[in-house]
file my_file28.tsv (TSV, C-alpha atoms)
chain	number	residue	atom	x	y	z
A	2	MET	CA	-14.30	1.56	-20.61
A	3	ASP	CA	-15.81	2.44	-17.20
A	4	HIS	CA	-13.43	0.08	-15.39
A	5	ALA	CA	-10.40	1.59	-17.17
A	6	LEU	CA	-11.46	5.13	-16.27
A	7	LYS	CA	-12.15	4.15	-12.66
A	8	THR	CA	-8.72	2.53	-12.43
A	9	LEU	CA	-6.88	5.49	-13.94
A	10	LYS	CA	-8.74	7.98	-11.71
A	11	ALA	CA	-7.89	5.93	-8.62
A	12	LEU	CA	-4.21	5.83	-9.60
A	13	ALA	CA	-4.06	9.56	-10.38
A	14	ASP	CA	-3.21	10.39	-6.75
A	15	PRO	CA	0.49	9.98	-5.80
A	16	THR	CA	-0.28	8.37	-2.44
A	17	ARG	CA	-2.71	5.87	-3.97
A	18	LEU	CA	-0.17	5.04	-6.67
A	19	ARG	CA	2.48	4.39	-4.04
A	20	VAL	CA	0.07	2.24	-2.00
A	21	VAL	CA	-0.78	0.08	-5.01
A	22	ALA	CA	2.91	-0.23	-5.91
A	23	LEU	CA	3.53	-1.64	-2.42
A	24	LEU	CA	0.45	-3.86	-2.32
A	25	VAL	CA	1.29	-5.61	-5.59
A	26	ARG	CA	4.35	-6.90	-3.75
A	27	ARG	CA	2.66	-8.09	-0.55
A	28	PRO	CA	-0.38	-7.58	1.69
A	29	LEU	CA	0.07	-4.84	4.31
A	30	CYS	CA	-1.95	-3.37	7.16
A	31	VAL	CA	-2.52	0.35	7.67
A	32	CYS	CA	0.17	0.67	10.33
A	33	GLU	CA	2.75	-0.81	7.97
A	34	LEU	CA	1.66	1.59	5.22
A	35	MET	CA	1.89	4.47	7.71
A	36	PHE	CA	5.46	3.48	8.53
A	37	VAL	CA	6.55	3.06	4.91
A	38	LEU	CA	4.83	6.13	3.46
A	39	GLY	CA	5.04	8.45	6.47
A	40	LYS	CA	1.33	9.30	6.19
A	41	GLU	CA	-1.41	9.58	8.80
A	42	GLN	CA	-3.89	6.75	9.40
A	43	THR	CA	-6.92	8.84	8.40
A	44	LEU	CA	-5.37	9.82	5.07
A	45	LEU	CA	-4.38	6.25	4.26
A	46	SER	CA	-7.77	4.86	5.28
A	47	HIS	CA	-9.45	7.34	2.93
A	48	GLN	CA	-7.08	6.49	0.08
A	49	LEU	CA	-7.57	2.75	0.67
A	50	GLY	CA	-11.33	3.31	0.51
A	51	VAL	CA	-10.97	4.95	-2.90
A	52	LEU	CA	-8.80	2.07	-4.12
A	53	ARG	CA	-11.27	-0.47	-2.73
A	54	LYS	CA	-14.21	1.21	-4.51
A	55	ALA	CA	-12.22	1.09	-7.75
A	56	GLY	CA	-11.64	-2.63	-7.23
A	57	LEU	CA	-7.87	-2.24	-7.01
A	58	VAL	CA	-7.49	-3.47	-3.43
A	59	GLU	CA	-9.39	-5.77	-1.13
A	60	ASP	CA	-9.20	-6.24	2.59
A	61	SER	CA	-9.40	-9.13	5.01
A	62	ARG	CA	-9.36	-9.24	8.78
A	63	GLU	CA	-6.61	-11.07	10.63
A	64	GLY	CA	-7.30	-10.70	14.34
A	65	ARG	CA	-7.27	-6.99	15.08
A	66	PHE	CA	-5.55	-6.11	11.82
A	67	ILE	CA	-7.11	-5.44	8.46
A	68	ASN	CA	-4.80	-6.51	5.67
A	69	TYR	CA	-5.01	-4.86	2.28
A	70	ARG	CA	-3.88	-6.54	-0.91
A	71	VAL	CA	-4.26	-6.36	-4.65
A	72	PRO	CA	-6.77	-8.99	-5.82
A	73	ASP	CA	-5.16	-11.87	-7.70
A	74	ALA	CA	-7.27	-11.10	-10.79
A	75	SER	CA	-5.80	-7.57	-10.98
A	76	ARG	CA	-2.22	-8.21	-9.87
A	77	ARG	CA	-0.60	-8.98	-13.21
A	78	GLY	CA	-2.31	-6.11	-15.03
A	79	LEU	CA	-1.36	-3.63	-12.31
A	80	GLU	CA	2.23	-4.85	-12.23
A	81	ARG	CA	2.50	-4.29	-15.98
A	82	LEU	CA	0.77	-0.90	-15.76
A	83	LEU	CA	3.11	0.28	-13.01
A	84	SER	CA	6.36	-0.99	-14.49
A	85	GLU	CA	5.88	-0.86	-18.25
A	86	PHE	CA	3.48	2.01	-18.77
A	87	LEU	CA	4.32	4.24	-15.82
A	88	GLY	CA	7.96	3.21	-15.45
A	89	LEU	CA	7.67	2.66	-11.70
A	90	ARG	CA	10.60	0.37	-11.08
A	91	PRO	CA	12.98	0.59	-8.13
A	92	LYS	CA	15.90	1.21	-10.50
A	93	SER	CA	14.17	4.06	-12.31
A	94	SER	CA	12.17	5.68	-9.50
A	95	LYS	CA	13.95	7.01	-6.41
A	96	GLU	CA	10.63	7.31	-4.57
A	97	MET	CA	9.79	3.67	-5.26
A	98	ALA	CA	13.28	2.55	-4.24
A	99	ASP	CA	12.91	4.54	-1.00
A	100	ASP	CA	9.48	3.03	-0.34
A	101	LEU	CA	10.84	-0.48	-0.83
A	102	ALA	CA	13.78	0.24	1.48
A	103	ARG	CA	11.32	1.49	4.14
A	104	LEU	CA	9.17	-1.60	3.58
A	105	LYS	CA	12.18	-3.82	4.22
A	106	LEU	CA	12.92	-1.87	7.41
A	107	CYS	CA	9.25	-2.08	8.43
A	108	LEU	CA	9.30	-5.86	8.11
A	109	GLU	CA	12.66	-6.18	9.89
A	110	ARG	CA	11.38	-4.09	12.81
A	111	ASP	CA	8.07	-5.98	12.86
A	112	VAL	CA	6.07	-2.76	12.98
A	113	ARG	CA	2.83	-4.74	12.98
A	114	GLY	CA	3.89	-7.00	15.83
A	115	GLY	CA	5.15	-4.47	18.29
A	116	LYS	CA	5.43	-0.91	17.13
A	117	CYS	CA	2.14	-0.34	15.36
A	118	PRO	CA	1.39	3.38	15.70
A	119	LEU	CA	-2.39	2.96	15.61
A	120	PRO	CA	-4.24	4.60	18.51
A	121	GLY	CA	-4.62	2.36	21.54
A	122	ARG	CA	-1.79	0.07	20.51
A	123	PRO	CA	0.99	-0.04	23.12
A	124	ARG	CA	4.43	0.62	21.69
A	125	ARG	CA	7.39	-1.55	22.58
A	126	LYS	CA	10.62	0.19	23.37
A	127	THR	CA	13.40	-0.28	20.83
call {"tool": "encode", "arguments": {"input": "my_file28.tsv", "output": "structure tokens"}}
result
Amino acid sequence: MDHALKTLKALADPTRLRVVALLVRRPLCVCELMFVLGKEQTLLSHQLGVLRKAGLVEDSREGRFINYRVPDASRRGLERLLSEFLGLRPKSSKEMADDLARLKLCLERDVRGGKCPLPGRPRRKT
């Protein structure tokens, strides 16, 4: 019961819910999440910390980037929770459809590779 309550509390915040909905699809770094969600790094880092403490995301370092992802053991359950219980599907949620469109744009523009808005990261001109 404790795990269920911890999970539901962590998903009670709209930003955290959106983050998890993205991370069940693919691992992302903070700068990619910033681009997709239009949120500040400090806010996202805090929200990712809450999700990590709840066991809903894990991180791994890849060079200078920290990638966040949903653990394999939780992925299927979270996918079902998001789509079946909460109804968060691109066809039924405009916000989710918009987030996925921004994710596609993020990947096309290679935000991580050249336009990462994290402090100290040089930006390439478009």
call {"tool": "residues_around", "arguments": {"input": "my_file28.tsv", "residues": "Lys105 in chain A", "least_positions_apart": "4", "cutoff": "12 Å", "atoms": "all atoms listed in the file", "output": "list in words"}}
result
Leu23, Arg26, Arg27, Glu33, Leu34, Phe36, Val37, Ala98, Asp99, Asp100, Leu101, Glu109, Arg110, Asp111 and Val112 of chain A
call {"tool": "atom_distance", "arguments": {"input": "my_file28.tsv", "atom1": "CA of Ala13 in chain A", "atom2": "CA of Leu29 in chain A"}}
result
21.0 Å
call {"tool": "residues_around", "arguments": {"input": "my_file28.tsv", "residues": "range 78-82 of chain A", "least_positions_apart": "6", "cutoff": "12 Å", "atoms": "all atoms listed in the file", "output": "PDB file with C-alpha atoms, in the frame of the given file"}}
result
ATOM      1  CA  ALA A   5     -10.400   1.590 -17.170  1.00  0.00           C
ATOM      2  CA  THR A   8      -8.720   2.530 -12.430  1.00  0.00           C
ATOM      3  CA  LEU A   9      -6.880   5.490 -13.940  1.00  0.00           C
ATOM      4  CA  LEU A  12      -4.210   5.830  -9.600  1.00  0.00           C
ATOM      5  CA  LEU A  18      -0.170   5.040  -6.670  1.00  0.00           C
ATOM      6  CA  VAL A  20       0.070   2.240  -2.000  1.00  0.00           C
ATOM      7  CA  VAL A  21      -0.780   0.080  -5.010  1.00  0.00           C
ATOM      8  CA  ALA A  22       2.910  -0.230  -5.910  1.00  0.00           C
ATOM      9  CA  LEU A  23       3.530  -1.640  -2.420  1.00  0.00           C
ATOM     10  CA  LEU A  24       0.450  -3.860  -2.320  1.00  0.00           C
ATOM     11  CA  VAL A  25       1.290  -5.610  -5.590  1.00  0.00           C
ATOM     12  CA  ARG A  26       4.350  -6.900  -3.750  1.00  0.00           C
ATOM     13  CA  GLY A  56     -11.640  -2.630  -7.230  1.00  0.00           C
ATOM     14  CA  LEU A  57      -7.870  -2.240  -7.010  1.00  0.00           C
ATOM     15  CA  VAL A  58      -7.490  -3.470  -3.430  1.00  0.00           C
ATOM     16  CA  VAL A  71      -4.260  -6.360  -4.650  1.00  0.00           C
ATOM     17  CA  PRO A  72      -6.770  -8.990  -5.820  1.00  0.00           C
ATOM     18  CA  GLY A  88       7.960   3.210 -15.450  1.00  0.00           C
ATOM     19  CA  LEU A  89       7.670   2.660 -11.700  1.00  0.00           C
ATOM     20  CA  ARG A  90      10.600   0.370 -11.080  1.00  0.00           C
TER      21      ARG A  90
END
call {"tool": "closest_residue", "arguments": {"input": "my_file28.tsv", "among": "A:Asp73, A:Glu85, A:Asp14, A:Glu96", "to": "Val51 in chain A", "atoms": "all atoms listed in the file"}}
result
A:Asp14
call {"tool": "residues_around", "arguments": {"input": "my_file28.tsv", "residues": "Phe66 in chain A", "least_positions_apart": "4", "cutoff": "10 Å", "atoms": "all atoms listed in the file", "output": "PDB file with C-alpha atoms, keeping the file's coordinate frame"}}
result
ATOM      1  CA  LEU A  29       0.070  -4.840   4.310  1.00  0.00           C
ATOM      2  CA  CYS A  30      -1.950  -3.370   7.160  1.00  0.00           C
ATOM      3  CA  VAL A  31      -2.520   0.350   7.670  1.00  0.00           C
ATOM      4  CA  CYS A  32       0.170   0.670  10.330  1.00  0.00           C
ATOM      5  CA  ASP A  60      -9.200  -6.240   2.590  1.00  0.00           C
ATOM      6  CA  SER A  61      -9.400  -9.130   5.010  1.00  0.00           C
ATOM      7  CA  ARG A  62      -9.360  -9.240   8.780  1.00  0.00           C
ATOM      8  CA  ARG A 113       2.830  -4.740  12.980  1.00  0.00           C
TER       9      ARG A 113
END
call {"tool": "atom_distance", "arguments": {"input": "my_file28.tsv", "atom1": "CA of Gln48 in chain A", "atom2": "CA of Pro15 in chain A"}}
result
10.2 Å
call {"tool": "atom_distance", "arguments": {"input": "my_file28.tsv", "atom1": "CA of Met97 in chain A", "atom2": "CA of Arg19 in chain A"}}
result
7.4 Å
call {"tool": "closest_residue", "arguments": {"input": "my_file28.tsv", "among": "A:Pro28, A:Arg65, A:Arg53, A:Arg77", "to": "Gly114 in chain A", "atoms": "all atoms listed in the file"}}
result
A:Arg65
